file target.tsv (TSV, C-alpha atoms)
chain	number	residue	atom	x	y	z
A	1336	MET	CA	-60.83	41.48	-49.78
A	1337	ILE	CA	-58.35	38.62	-49.53
A	1338	ILE	CA	-55.75	40.73	-51.31
A	1339	ILE	CA	-56.15	43.47	-48.69
A	1340	TRP	CA	-55.61	40.94	-45.89
A	1341	PHE	CA	-52.51	39.59	-47.60
A	1342	LEU	CA	-51.24	43.11	-48.07
A	1343	ILE	CA	-51.85	43.95	-44.39
A	1344	LEU	CA	-50.17	40.69	-43.33
A	1345	PHE	CA	-47.24	41.43	-45.63
A	1346	ILE	CA	-46.83	44.96	-44.19
A	1347	ILE	CA	-47.03	43.66	-40.63
A	1348	THR	CA	-44.40	41.01	-41.44
A	1349	ILE	CA	-42.08	43.66	-42.93
A	1350	VAL	CA	-42.56	45.91	-39.89
A	1351	PHE	CA	-41.72	43.06	-37.50
A	1352	PHE	CA	-38.73	42.13	-39.63
A	1353	ILE	CA	-37.42	45.71	-39.50
A	1354	ILE	CA	-38.01	45.85	-35.74
A	1355	GLU	CA	-36.04	42.61	-35.35
A	1356	LEU	CA	-33.15	44.00	-37.41
A	1357	TYR	CA	-33.21	47.22	-35.39
A	1358	ASN	CA	-33.19	45.36	-32.07
A	1359	ASN	CA	-30.37	43.13	-33.29
A	1360	ILE	CA	-28.23	46.14	-34.17
A	1361	ILE	CA	-28.99	47.81	-30.82
A	1362	THR	CA	-28.01	44.61	-28.99
A	1363	THR	CA	-24.67	44.50	-30.81
A	1364	LYS	CA	-24.05	48.19	-30.13
A	1365	ASN	CA	-24.78	47.63	-26.44
A	1366	ASP	CA	-22.41	44.64	-26.44
A	1367	ILE	CA	-19.68	46.96	-27.73
A	1368	ILE	CA	-20.41	49.53	-25.04
A	1369	GLU	CA	-20.40	46.80	-22.37
A	1370	SER	CA	-17.11	45.31	-23.57
A	1371	LEU	CA	-15.54	48.79	-23.67
A	1372	ALA	CA	-16.68	49.34	-20.09
A	1373	THR	CA	-15.11	46.00	-19.14
A	1374	ILE	CA	-11.85	47.13	-20.70
A	1375	ASP	CA	-12.04	50.36	-18.70
A	1376	VAL	CA	-12.55	48.39	-15.47
A	1377	ILE	CA	-9.54	46.20	-16.20
A	1378	LEU	CA	-7.49	49.25	-17.15
A	1379	GLN	CA	-8.55	50.90	-13.91
A	1380	ASN	CA	-7.16	47.88	-12.04
A	1381	ARG	CA	-3.98	48.15	-14.05
A	1382	TYR	CA	-3.64	51.87	-13.39
A	1383	ASP	CA	-4.33	51.34	-9.69
A	1384	LEU	CA	-1.30	49.05	-9.73
A	1385	ILE	CA	0.96	51.61	-11.43
A	1386	PRO	CA	1.70	53.69	-8.29
A	1387	ASN	CA	2.90	50.50	-6.60
A	1388	ILE	CA	5.14	49.64	-9.55
A	1389	VAL	CA	6.57	53.16	-9.56
A	1390	LYS	CA	7.03	53.18	-5.77
A	1391	VAL	CA	8.90	49.88	-5.65
A	1392	ALA	CA	10.93	50.56	-8.78
A	1393	LYS	CA	11.96	54.04	-7.57
A	1394	GLN	CA	13.61	52.51	-4.54
A	1395	TYR	CA	16.00	50.58	-6.77
A	1396	ALA	CA	16.08	52.24	-10.17
A	1397	ILE	CA	17.07	55.78	-9.33
A	1398	TYR	CA	18.36	56.32	-12.87
A	1399	GLU	CA	15.04	55.39	-14.49
A	1400	LYS	CA	13.08	58.40	-13.22
A	1401	ASP	CA	12.17	59.57	-16.74
A	1402	THR	CA	10.43	56.29	-17.53
A	1403	LEU	CA	8.58	56.25	-14.22
A	1404	SER	CA	7.49	59.89	-14.66
A	1405	LYS	CA	6.22	59.15	-18.17
A	1406	ILE	CA	4.18	56.20	-16.83
A	1407	ALA	CA	2.58	58.44	-14.20
A	1408	GLU	CA	1.79	61.06	-16.86
A	1409	LEU	CA	0.20	58.50	-19.20
A	1410	ARG	CA	-1.85	57.11	-16.29
A	1411	GLN	CA	-3.25	60.59	-15.67
A	1412	ASN	CA	-4.04	60.99	-19.40
A	1413	TRP	CA	-6.00	57.74	-19.28
A	1414	LEU	CA	-7.96	58.86	-16.22
A	1415	ASN	CA	-8.99	61.97	-18.17
A	1416	GLN	CA	-10.31	59.83	-21.07
A	1417	ILE	CA	-12.30	57.18	-19.20
A	1418	ASN	CA	-15.45	55.84	-20.92
A	1419	GLN	CA	-14.36	56.83	-24.39
A	1420	LEU	CA	-12.32	55.23	-27.12
A	1421	ASN	CA	-10.35	57.21	-29.63
A	1422	GLN	CA	-7.01	56.84	-31.39
A	1423	ASN	CA	-5.29	58.97	-28.74
A	1424	LYS	CA	-6.44	56.60	-25.99
A	1425	ILE	CA	-5.31	53.56	-27.98
A	1426	ASN	CA	-1.88	55.16	-28.59
A	1427	ASN	CA	-1.70	56.00	-24.88
A	1428	GLU	CA	-2.40	52.34	-24.07
A	1429	ILE	CA	0.29	51.11	-26.43
A	1430	GLU	CA	2.85	53.50	-24.98
A	1431	ILE	CA	2.08	52.72	-21.34
A	1432	SER	CA	2.18	48.96	-21.99
A	1433	SER	CA	5.58	49.38	-23.56
A	1434	LEU	CA	6.89	51.52	-20.69
A	1435	ILE	CA	5.63	49.17	-17.98
A	1436	ASN	CA	7.15	46.21	-19.79
A	1437	ASN	CA	10.41	48.17	-19.97
A	1438	VAL	CA	10.30	48.60	-16.18
A	1439	PHE	CA	9.99	44.84	-15.82
A	1440	ILE	CA	12.82	44.34	-18.30
A	1441	LEU	CA	14.94	46.91	-16.44
A	1442	SER	CA	14.45	44.91	-13.26
A	1443	GLU	CA	16.97	42.49	-14.77
A	1444	ASN	CA	19.59	45.19	-14.13
A	1445	TYR	CA	18.64	45.39	-10.45
A	1446	PRO	CA	18.93	41.91	-8.89
A	1447	THR	CA	17.61	43.11	-5.52
A	1448	LEU	CA	14.53	44.58	-7.22
A	1449	LYS	CA	14.04	41.43	-9.27
A	1450	SER	CA	14.02	39.33	-6.09
A	1451	ASP	CA	11.91	41.74	-4.01
A	1452	THR	CA	8.73	39.87	-3.01
A	1453	LEU	CA	6.56	42.97	-3.32
A	1454	PHE	CA	7.89	43.62	-6.81
A	1455	LEU	CA	7.33	39.96	-7.80
A	1456	ASN	CA	3.78	40.14	-6.42
A	1457	ILE	CA	3.10	43.33	-8.39
A	1458	GLN	CA	4.59	41.77	-11.51
A	1459	ASN	CA	2.30	38.72	-11.13
A	1460	GLN	CA	-0.75	40.95	-10.58
A	1461	TYR	CA	0.19	42.95	-13.65
A	1462	SER	CA	0.53	39.79	-15.71
A	1463	GLU	CA	-2.93	38.61	-14.62
A	1464	ILE	CA	-4.43	42.00	-15.47
A	1465	GLU	CA	-2.77	41.94	-18.90
A	1466	ASP	CA	-4.24	38.48	-19.58
A	1467	LYS	CA	-7.73	39.73	-18.65
A	1468	LEU	CA	-7.19	42.84	-20.76
A	1469	GLN	CA	-6.25	40.79	-23.82
A	1470	ALA	CA	-9.38	38.66	-23.42
A	1471	ALA	CA	-11.58	41.75	-23.00
A	1472	ARG	CA	-10.04	43.36	-26.09
A	1473	ARG	CA	-10.72	40.22	-28.13
A	1474	ILE	CA	-14.38	40.35	-27.06
A	1475	TYR	CA	-14.58	44.07	-27.87
A	1476	ASN	CA	-12.98	43.57	-31.31
A	1477	SER	CA	-15.33	40.67	-32.00
A	1478	ASN	CA	-18.35	42.84	-31.15
A	1479	VAL	CA	-17.04	45.66	-33.35
A	1480	LYS	CA	-16.57	43.20	-36.21
A	1481	ILE	CA	-20.14	41.92	-35.79
A	1482	LEU	CA	-21.50	45.48	-35.91
A	1483	LYS	CA	-19.37	46.32	-38.96
A	1484	ASN	CA	-20.72	43.23	-40.69
A	1485	LYS	CA	-24.28	44.25	-39.89
A	1486	LYS	CA	-23.61	47.73	-41.26
A	1487	GLN	CA	-22.33	46.23	-44.51
A	1488	GLN	CA	-24.63	43.25	-45.09
A	1489	ILE	CA	-28.06	43.33	-46.63
A	1490	PRO	CA	-30.70	43.86	-45.19
A	1491	THR	CA	-29.31	45.15	-41.87
A	1492	ASN	CA	-27.24	47.79	-43.66
A	1493	PHE	CA	-30.44	49.64	-44.61
A	1494	VAL	CA	-31.63	49.78	-41.01
A	1495	ALA	CA	-28.13	50.68	-39.74
A	1496	TYR	CA	-27.92	53.50	-42.30
A	1497	PHE	CA	-31.09	55.10	-40.98
A	1498	MET	CA	-29.95	54.57	-37.39
A	1499	LYS	CA	-26.71	56.43	-38.14
A	1500	ILE	CA	-24.66	53.96	-36.10
A	1501	GLU	CA	-21.18	55.29	-35.36
A	1502	ASN	CA	-18.00	53.49	-36.33
A	1503	TYR	CA	-16.02	52.00	-33.46
A	1504	LEU	CA	-12.25	51.67	-33.50
A	1505	MET	CA	-10.69	48.25	-33.05
A	1506	PHE	CA	-7.80	47.64	-30.70
A	1507	GLN	CA	-4.70	46.67	-32.63
A	1508	VAL	CA	-1.51	45.43	-31.05
A	1509	ASN	CA	1.71	47.26	-31.65
A	1510	ARG	CA	4.39	44.71	-32.62
A	1511	GLU	CA	7.01	46.51	-30.52
A	1512	VAL	CA	4.88	46.10	-27.38
A	1513	ASN	CA	4.26	42.46	-28.25
A	1514	LEU	CA	8.01	41.79	-28.46
A	1515	SER	CA	8.59	43.49	-25.11
A	1516	GLU	CA	5.96	41.30	-23.48
A	1517	ASN	CA	7.63	38.18	-24.87
A	1518	ILE	CA	11.00	39.26	-23.53
A	1519	SER	CA	9.64	40.08	-20.07
A	1520	ASN	CA	7.88	36.72	-19.79
A	1521	ASN	CA	11.09	34.76	-20.40
call {"tool": "encode", "arguments": {"input": "target.tsv", "output": "structure tokens"}}
result
Amino acid sequence: MIIIWFLILFIITIVFFIIELYNNIITTKNDIIESLATIDVILQNRYDLIPNIVKVAKQYAIYEKDTLSKIAELRQNWLNQINQLNQNKINNEIEISSLINNVFILSENYPTLKSDTLFLNIQNQYSEIEDKLQAARRIYNSNVKILKNKKQQIPTNFVAYFMKIENYLMFQVNREVNLSENISNN
């Protein structure tokens, strides 16, 4: 009789342990979804700023229409991919960051644009948004790493296998974009 009670207690303990592992994985997955939504909100703020950048820059940089048109096109592509993360969206992000930074670098060629208070205000807003975006991406990548670890470590990997948890992409910085940001901040 005592053996039966120990067996029942053991089974109950295993069930609670599995439930705890399951809940832990779900919490991490939800953290990833939340951090991705935060990134989308910050990107929305950034993309709301793009028409202002284009409007002000068009007044001065008549010869840069191709760059400004490409920024508008990439903004529309992003709006079509909201609430999802795939390699195309990441590449879109890298390209638009590079193009916007190029607009700020090109402002060096237009002294009146560079000194325009509206343009300076937009540039400061953009810089603040980029700082928030970097922080949000770090949080997202950290959450993805935690989930990957859980999918690979014993015993959570067994539970994750049966849950069929999807793989999430990590944001990775393009070195070219990083160099552009350094140049524009000087």
call {"tool": "closest_residue", "arguments": {"input": "target.tsv", "among": "A:Leu1434, A:Ile1377, A:Leu1371, A:Leu1342", "to": "Asp1401 (chain A)", "atoms": "all atoms listed in the file"}}
result
A:Leu1434
call {"tool": "closest_atom_pairs", "arguments": {"input": "target.tsv", "of": "region 1428-1477 of chain A", "to": "region 1492-1503 of chain A", "cutoff": "12 Å", "atoms": "all atoms listed in the file", "output": "JSON lines"}}
result
{"residue": "A:Tyr1475", "atom": "CA", "partner": "A:Tyr1503", "partner_atom": "CA", "distance": 9.8}
{"residue": "A:Asn1476", "atom": "CA", "partner": "A:Tyr1503", "partner_atom": "CA", "distance": 9.2}
{"residue": "A:Ser1477", "atom": "CA", "partner": "A:Tyr1503", "partner_atom": "CA", "distance": 11.4}
call {"tool": "closest_residue", "arguments": {"input": "target.tsv", "among": "A:Asn1358, A:Gln1411, A:Asn1427, A:Gln1507", "to": "Arg1472 (chain A)", "atoms": "only C-alpha atoms"}}
result
A:Gln1507
call {"tool": "closest_residue", "arguments": {"input": "target.tsv", "among": "A:Thr1491, A:Ile1338, A:Leu1455, A:Ala1407", "to": "Asp1383 (chain A)", "atoms": "only C-alpha atoms"}}
result
A:Ala1407
call {"tool": "atom_distance", "arguments": {"input": "target.tsv", "atom1": "CA of Leu1504 (chain A)", "atom2": "CA of Ile1425 (chain A)"}}
result
9.1 Å
call {"tool": "atom_distance", "arguments": {"input": "target.tsv", "atom1": "CA of Asn1415 (chain A)", "atom2": "CA of Ala1392 (chain A)"}}
result
24.8 Å
call {"tool": "residues_around", "arguments": {"input": "target.tsv", "residues": "Pro1386 (chain A)", "least_positions_apart": "3", "cutoff": "10 Å", "atoms": "all atoms listed in the file", "output": "tab-separated table (two decimals) with C-alpha atoms, in the coordinates of the input"}}
result
chain	number	residue	atom	x	y	z
A	1381	ARG	CA	-3.98	48.15	-14.05
A	1382	TYR	CA	-3.64	51.87	-13.39
A	1383	ASP	CA	-4.33	51.34	-9.69
A	1389	VAL	CA	6.57	53.16	-9.56
A	1390	LYS	CA	7.03	53.18	-5.77
A	1391	VAL	CA	8.90	49.88	-5.65
A	1392	ALA	CA	10.93	50.56	-8.78
A	1403	LEU	CA	8.58	56.25	-14.22
A	1406	ILE	CA	4.18	56.20	-16.83
A	1407	ALA	CA	2.58	58.44	-14.20
A	1410	ARG	CA	-1.85	57.11	-16.29
call {"tool": "residues_around", "arguments": {"input": "target.tsv", "residues": "Gln1460 (chain A)", "least_positions_apart": "4", "cutoff": "12 Å", "atoms": "all atoms listed in the file", "output": "PyMOL selection string"}}
result
chain A and resi 1377+1380-1385+1387-1388+1453-1456+1464-1467
call {"tool": "atom_distance", "arguments": {"input": "target.tsv", "atom1": "CA of Ser1370 (chain A)", "atom2": "CA of Asn1478 (chain A)"}}
result
8.1 Å
call {"tool": "closest_residue", "arguments": {"input": "target.tsv", "among": "A:Lys1485, A:Leu1468, A:Met1505, A:Ser1442", "to": "Tyr1357 (chain A)", "atoms": "only C-alpha atoms"}}
result
A:Lys1485
call {"tool": "closest_residue", "arguments": {"input": "target.tsv", "among": "A:Thr1402, A:Glu1443, A:Pro1490, A:Val1376", "to": "Ile1353 (chain A)", "atoms": "all atoms listed in the file"}}
result
A:Pro1490
call {"tool": "closest_residue", "arguments": {"input": "target.tsv", "among": "A:Phe1345, A:Phe1506, A:Tyr1445, A:Phe1439", "to": "Gln1469 (chain A)", "atoms": "all atoms listed in the file"}}
result
A:Phe1506
call {"tool": "axis_aligned_box", "arguments": {"input": "target.tsv", "around": "region 1408-1416 of chain A", "padding_each_side": "4 Å", "output": "lines of an AutoDock Vina configuration file"}}
result
center_x = -4.3
center_y = 59.5
center_z = -18.4
size_x = 20.1
size_y = 12.9
size_z = 13.4
